[in-house]
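All remarks here apply to the structure that follows.
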Amino acid sequence: MTIELATLDGKAPQPSRAMESPLSIRGLTVSYGQKPAVFSVDMAVEAGKMTAIIGPNGAGKSTLLKAALGIVKPLSGQIQVFGAPLERQRARIAYVPQRASIDWDFPTRVIDVVLMGLYRQLGLLGRVRNTHRLRAKHCLERVGMADFAERQIGQLSGGQQQRVFLARALAQDADLYLLDEPFAGVDAATEKAIINVLKSLRAEGKTVVVVHHDLATVRDYFDNVFLINTSKVAEGPVDTCFTAETLQATYGGRLATAQVDQLAAALV
Ligand code: ADP
Ligand code: MG
C-alpha cells in the first residue's frame, strides 16, 4: 500500500525509504542435508525498531540470519533488503556473528578488527588513512573499548571481544544491524554497554535484529519478536506476540511448564 501525503509547501511527496521493510523474506527454505533447517519462512522486519529472533537451539535462527546475508544459499525463497535485492544492498547491512564461530588463531590488533568494518570504503588496495583510524577509534569509544585499541584480540575476554565486533559493525555505518546472540556468555557490564549502543542505533533510525536467548530480558530490550522453530511461529510487537501461548508453541516440551508460568507472570 502506498500512502500519498500532500506536503505543505506543495512539493511532490518524496517516496519514504523508512516505509520499506529493511528485511523482507518470503518462502525461505534452507537445508544443509535432508531435513530443512529453516522451512517456508516469511519475515517482515519493521524499520527503526529492535526485533528479537527467539527459538530453541537448532531452531534455525543463525541460519535465518546467514540466509538474509547471503552466506548460506537457500533452497527457495526471496530476500529483499530495503526493497531491493540483497546483492545491491550489502553495504547497508552490518553483521555480528555468533562469537563461538570465530577463532582467533592469528595475531590481530583490536584496531585492525574494527578497520575491517571499513573495508568497503577503503577498497581492496586502499590505504588506511588517519580519518579511518579516527573513525575506528570513535567506534571503539562507543563500546567502551578505546583503551584496548593496540591489544591483541585473542587476549581479550569474551565480553570485550563481543564489544570489539560490535565496534566493527558500527564502523560500517550500516542501516540494518544483524547480531547473533551478542549477549551470550558476556559479563553484565558488556551486556549493558551493548544494549545501550543498540538503543542509540535505534534512536538514529537504524534497524536492529538480534538473535536472543534470554527470555527474561525480551520485554525490556525489544519492540518486536520473531519466534521460530524451523517454521515461523509468530511475528510482531512484544505485547501481542511474546506470550505464554506463543512461547509454548515455539519451545514445546523443551521449555518446562514452570518456566512458561514464570514468564507468563512476568509478561502481564
Ligand atoms: P540456531 O541458531 O537456532 O541454534 P542453526 O541455524 O545454527 O540453529 O541450525 C539449525 C539446524 O541446522 C540445526 O539442526 C543445525 O544442526 C543445522 N546446521 C547448522 N549449520 C549447519 C551446517 N553448516 N552444516 C550442517 N548442518 C547445520
Ligand atoms: Mg545460532
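Scheme for the C-alpha cells: letters A, B, ... for chains in order shown; per-chain residue numbers from 1; ligand numbers from 1 in order shown.
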Determine, for each residue of stretch 78-133 of chain A having at least one atom at most 12 Å from an atom of stretch 38-43 of chain A, the closest pair of atoms and their separation in Å to one decimal, counting only C-alpha atoms; order by chain and ascending number, as a tab-separated table.
residue	atom	partner	partner_atom	distance
A:Gln78	CA	A:Asp42	CA	9.2
A:Ile79	CA	A:Met43	CA	9.3
A:Gln80	CA	A:Met43	CA	10.3
A:Val81	CA	A:Met43	CA	11.5
Check your understanding: Any idea what's packed within 7 Å of A:Leu179, counting only C-alpha atoms, ignoring anything in its chain fewer than 4 positions away? Could you give it as a ChimeraX atom specification?
Key -> /A:95-97,209-211
**Study point:** Contacts with ligand 2 at most 7 Å, only C-alpha atoms and all ligand atoms counted, listed as a list in words
**Key:**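 If we count only C-alpha atoms and all ligand atoms, the neighbours of ligand 2 turn out to be Asn57, Gly58, Gly60, Lys61, Ser62, Gln98 and Asp180 of chain A.
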Point to revise | Picked from stretch 20-190 of chain A by DSSP as helix (DSSP H, G or I), as number ranges by chain | key: A: 61-68, 86-92, 99-101, 110-116, 119-122, 130-142, 146-148, 153-155, 158-171, 188-190
What are the closest atom pairs, with distances in Å to one decimal, for all residues of chain A lying within 10 Å of ligand 1? Consider only C-alpha atoms and all ligand atoms, order rows by chain and residue number, and present the result as a tab-separated table.
residue	atom	partner	partner_atom_place_in_ligand_line	distance
A:Val30	CA	ligand 1	12 (O)	8.6
A:Ser31	CA	ligand 1	12 (O)	7.3
A:Tyr32	CA	ligand 1	25 (C)	4.8
A:Gly33	CA	ligand 1	25 (C)	6.7
A:Gln34	CA	ligand 1	26 (N)	9.8
A:Lys35	CA	ligand 1	14 (O)	8.2
A:Pro36	CA	ligand 1	12 (O)	7.4
A:Ala37	CA	ligand 1	11 (C)	4.4
A:Val38	CA	ligand 1	10 (C)	7.1
A:Ile53	CA	ligand 1	3 (O)	9.0
A:Ile54	CA	ligand 1	3 (O)	8.0
A:Gly55	CA	ligand 1	3 (O)	6.2
A:Pro56	CA	ligand 1	3 (O)	6.1
A:Asn57	CA	ligand 1	4 (O)	3.9
A:Gly58	CA	ligand 1	8 (O)	3.5
A:Ala59	CA	ligand 1	3 (O)	3.7
A:Gly60	CA	ligand 1	6 (O)	3.3
A:Lys61	CA	ligand 1	3 (O)	3.7
A:Ser62	CA	ligand 1	2 (O)	3.7
A:Thr63	CA	ligand 1	6 (O)	3.6
A:Leu64	CA	ligand 1	6 (O)	6.5
A:Leu65	CA	ligand 1	6 (O)	8.2
A:Lys66	CA	ligand 1	6 (O)	8.2
A:Ala67	CA	ligand 1	6 (O)	9.6
A:Val72	CA	ligand 1	23 (N)	8.7
A:Gln98	CA	ligand 1	2 (O)	8.7
A:Asp180	CA	ligand 1	2 (O)	8.0
A:Glu181	CA	ligand 1	2 (O)	8.8
A:Val211	CA	ligand 1	2 (O)	7.9
A:His212	CA	ligand 1	2 (O)	9.8
A:His213	CA	ligand 1	3 (O)	9.5
A:Ile228	CA	ligand 1	3 (O)	8.1
A:Asn229	CA	ligand 1	3 (O)	7.7
A:Thr230	CA	ligand 1	10 (C)	7.5
Write the selection just made, keeping N, CA and C atoms, as a JSON list (two decimals), in the first residue's frame?
[["chain", "number", "residue", "atom", "x", "y", "z"],
["A", 30, "VAL", "N", 15.84, -23.34, 3.87],
["A", 30, "VAL", "CA", 17.27, -23.63, 3.80],
["A", 30, "VAL", "C", 17.50, -25.03, 4.35],
["A", 31, "SER", "N", 18.31, -25.79, 3.66],
["A", 31, "SER", "CA", 18.59, -27.15, 4.12],
["A", 31, "SER", "C", 20.07, -27.43, 3.95],
["A", 32, "TYR", "N", 20.66, -28.02, 5.00],
["A", 32, "TYR", "CA", 22.07, -28.43, 4.89],
["A", 32, "TYR", "C", 22.16, -29.88, 4.43],
["A", 33, "GLY", "N", 21.06, -30.61, 4.67],
["A", 33, "GLY", "CA", 21.02, -32.02, 4.29],
["A", 33, "GLY", "C", 19.60, -32.38, 3.91],
["A", 34, "GLN", "N", 19.12, -33.47, 4.45],
["A", 34, "GLN", "CA", 17.78, -33.93, 4.12],
["A", 34, "GLN", "C", 16.70, -33.04, 4.76],
["A", 35, "LYS", "N", 16.94, -32.71, 6.05],
["A", 35, "LYS", "CA", 15.92, -32.02, 6.82],
["A", 35, "LYS", "C", 16.14, -30.51, 6.76],
["A", 36, "PRO", "N", 15.08, -29.73, 6.45],
["A", 36, "PRO", "CA", 15.31, -28.28, 6.39],
["A", 36, "PRO", "C", 15.66, -27.70, 7.76],
["A", 37, "ALA", "N", 16.59, -26.73, 7.76],
["A", 37, "ALA", "CA", 16.94, -26.01, 8.99],
["A", 37, "ALA", "C", 15.98, -24.83, 9.17],
["A", 38, "VAL", "N", 15.51, -24.29, 8.05],
["A", 38, "VAL", "CA", 14.52, -23.21, 8.04],
["A", 38, "VAL", "C", 13.51, -23.60, 6.98],
["A", 53, "ILE", "N", 14.97, -12.33, 17.53],
["A", 53, "ILE", "CA", 14.66, -13.64, 16.96],
["A", 53, "ILE", "C", 14.85, -14.66, 18.08],
["A", 54, "ILE", "N", 13.79, -15.39, 18.36],
["A", 54, "ILE", "CA", 13.77, -16.28, 19.53],
["A", 54, "ILE", "C", 13.35, -17.68, 19.12],
["A", 55, "GLY", "N", 14.03, -18.67, 19.70],
["A", 55, "GLY", "CA", 13.66, -20.06, 19.45],
["A", 55, "GLY", "C", 14.68, -20.97, 20.09],
["A", 56, "PRO", "N", 14.36, -22.24, 20.24],
["A", 56, "PRO", "CA", 15.28, -23.18, 20.90],
["A", 56, "PRO", "C", 16.55, -23.41, 20.10],
["A", 57, "ASN", "N", 17.52, -24.09, 20.71],
["A", 57, "ASN", "CA", 18.74, -24.48, 20.00],
["A", 57, "ASN", "C", 18.40, -25.27, 18.76],
["A", 58, "GLY", "N", 19.06, -24.95, 17.67],
["A", 58, "GLY", "CA", 18.82, -25.69, 16.44],
["A", 58, "GLY", "C", 17.55, -25.29, 15.71],
["A", 59, "ALA", "N", 16.92, -24.18, 16.15],
["A", 59, "ALA", "CA", 15.64, -23.76, 15.56],
["A", 59, "ALA", "C", 15.82, -23.10, 14.18],
["A", 60, "GLY", "N", 17.08, -22.80, 13.83],
["A", 60, "GLY", "CA", 17.31, -22.17, 12.53],
["A", 60, "GLY", "C", 17.52, -20.66, 12.61],
["A", 61, "LYS", "N", 17.76, -20.14, 13.82],
["A", 61, "LYS", "CA", 17.92, -18.69, 14.00],
["A", 61, "LYS", "C", 19.16, -18.17, 13.27],
["A", 62, "SER", "N", 20.30, -18.82, 13.51],
["A", 62, "SER", "CA", 21.53, -18.38, 12.84],
["A", 62, "SER", "C", 21.43, -18.58, 11.34],
["A", 63, "THR", "N", 20.81, -19.68, 10.95],
["A", 63, "THR", "CA", 20.65, -19.96, 9.51],
["A", 63, "THR", "C", 19.80, -18.88, 8.84],
["A", 64, "LEU", "N", 18.77, -18.43, 9.53],
["A", 64, "LEU", "CA", 17.92, -17.36, 9.00],
["A", 64, "LEU", "C", 18.75, -16.10, 8.75],
["A", 65, "LEU", "N", 19.58, -15.72, 9.73],
["A", 65, "LEU", "CA", 20.43, -14.54, 9.54],
["A", 65, "LEU", "C", 21.42, -14.75, 8.40],
["A", 66, "LYS", "N", 22.03, -15.94, 8.36],
["A", 66, "LYS", "CA", 23.03, -16.21, 7.31],
["A", 66, "LYS", "C", 22.40, -16.17, 5.93],
["A", 67, "ALA", "N", 21.17, -16.66, 5.82],
["A", 67, "ALA", "CA", 20.48, -16.60, 4.53],
["A", 67, "ALA", "C", 20.18, -15.14, 4.17],
["A", 72, "VAL", "N", 24.57, -18.35, 3.44],
["A", 72, "VAL", "CA", 24.12, -19.68, 3.03],
["A", 72, "VAL", "C", 23.09, -19.52, 1.91],
["A", 98, "GLN", "N", 27.80, -15.06, 15.64],
["A", 98, "GLN", "CA", 27.86, -15.71, 16.95],
["A", 98, "GLN", "C", 29.33, -15.85, 17.32],
["A", 180, "ASP", "N", 24.04, -11.96, 16.14],
["A", 180, "ASP", "CA", 23.70, -13.32, 16.53],
["A", 180, "ASP", "C", 24.16, -13.59, 17.97],
["A", 181, "GLU", "N", 23.21, -13.61, 18.87],
["A", 181, "GLU", "CA", 23.45, -13.86, 20.30],
["A", 181, "GLU", "C", 24.59, -13.00, 20.89],
["A", 211, "VAL", "N", 19.44, -12.15, 17.37],
["A", 211, "VAL", "CA", 19.11, -13.48, 17.87],
["A", 211, "VAL", "C", 19.36, -13.44, 19.37],
["A", 212, "HIS", "N", 18.31, -13.77, 20.14],
["A", 212, "HIS", "CA", 18.36, -13.53, 21.58],
["A", 212, "HIS", "C", 17.93, -14.77, 22.33],
["A", 213, "HIS", "N", 18.71, -15.13, 23.36],
["A", 213, "HIS", "CA", 18.40, -16.39, 24.06],
["A", 213, "HIS", "C", 17.78, -16.18, 25.44],
["A", 228, "ILE", "N", 10.64, -18.60, 16.16],
["A", 228, "ILE", "CA", 10.88, -19.60, 15.12],
["A", 228, "ILE", "C", 11.27, -20.94, 15.73],
["A", 229, "ASN", "N", 10.73, -21.99, 15.16],
["A", 229, "ASN", "CA", 11.23, -23.34, 15.41],
["A", 229, "ASN", "C", 11.19, -24.06, 14.05],
["A", 230, "THR", "N", 12.19, -23.85, 13.27],
["A", 230, "THR", "CA", 12.29, -24.25, 11.86],
["A", 230, "THR", "C", 11.28, -23.50, 11.00]]
**Study point:** Backbone-only DSSP, strand (DSSP E or B) members of stretch 94-159 of chain A, as a ChimeraX atom specification
**Key:** /A:94-96,109,152
Same residues, N, CA and C atoms, saved as an mmCIF file, in the first residue's frame:
data_model
loop_
_atom_site.group_PDB
_atom_site.id
_atom_site.type_symbol
_atom_site.label_atom_id
_atom_site.label_comp_id
_atom_site.auth_asym_id
_atom_site.auth_seq_id
_atom_site.Cartn_x
_atom_site.Cartn_y
_atom_site.Cartn_z
ATOM 1 N N ALA A 94 25.119 -4.587 8.468
ATOM 2 C CA ALA A 94 26.264 -4.961 9.298
ATOM 3 C C ALA A 94 25.882 -6.207 10.088
ATOM 4 N N TYR A 95 26.856 -7.080 10.293
ATOM 5 C CA TYR A 95 26.580 -8.385 10.898
ATOM 6 C C TYR A 95 27.579 -8.656 12.011
ATOM 7 N N VAL A 96 27.085 -9.067 13.148
ATOM 8 C CA VAL A 96 27.948 -9.525 14.234
ATOM 9 C C VAL A 96 27.656 -11.012 14.436
ATOM 10 N N ARG A 109 45.410 -6.998 15.996
ATOM 11 C CA ARG A 109 45.128 -5.952 16.974
ATOM 12 C C ARG A 109 43.654 -5.553 16.904
ATOM 13 N N GLN A 152 45.984 -7.312 21.460
ATOM 14 C CA GLN A 152 45.653 -8.437 20.586
ATOM 15 C C GLN A 152 44.242 -8.911 20.916
#
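Of the residues listed (A:Thr51, A:Glu46, A:Ala171, A:Glu204), A:Thr51 shows the shortest atom-to-atom separation from A:Asp220; distances use only C-alpha atoms.
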Review point. In Å, how far is it from atom CA of A:Gly83 to atom CA of A:Thr29?
Key: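 Taking atom CA of A:Gly83 as the start and atom CA of A:Thr29 as the end point, the length is 20.1 Å.
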Exercise for review: Identify which of the residues A:Arg133, A:Arg219, A:Lys49, A:Arg127 lies closest to A:Ser21, counting only C-alpha atoms when measuring atom-to-atom distances.
Suggested key: A:Lys49
Check your understanding: With distances taken over only C-alpha atoms, which of A:Val238, A:Leu115, A:Leu75, A:Leu201 is nearest to A:His138?
Key -> A:Leu115
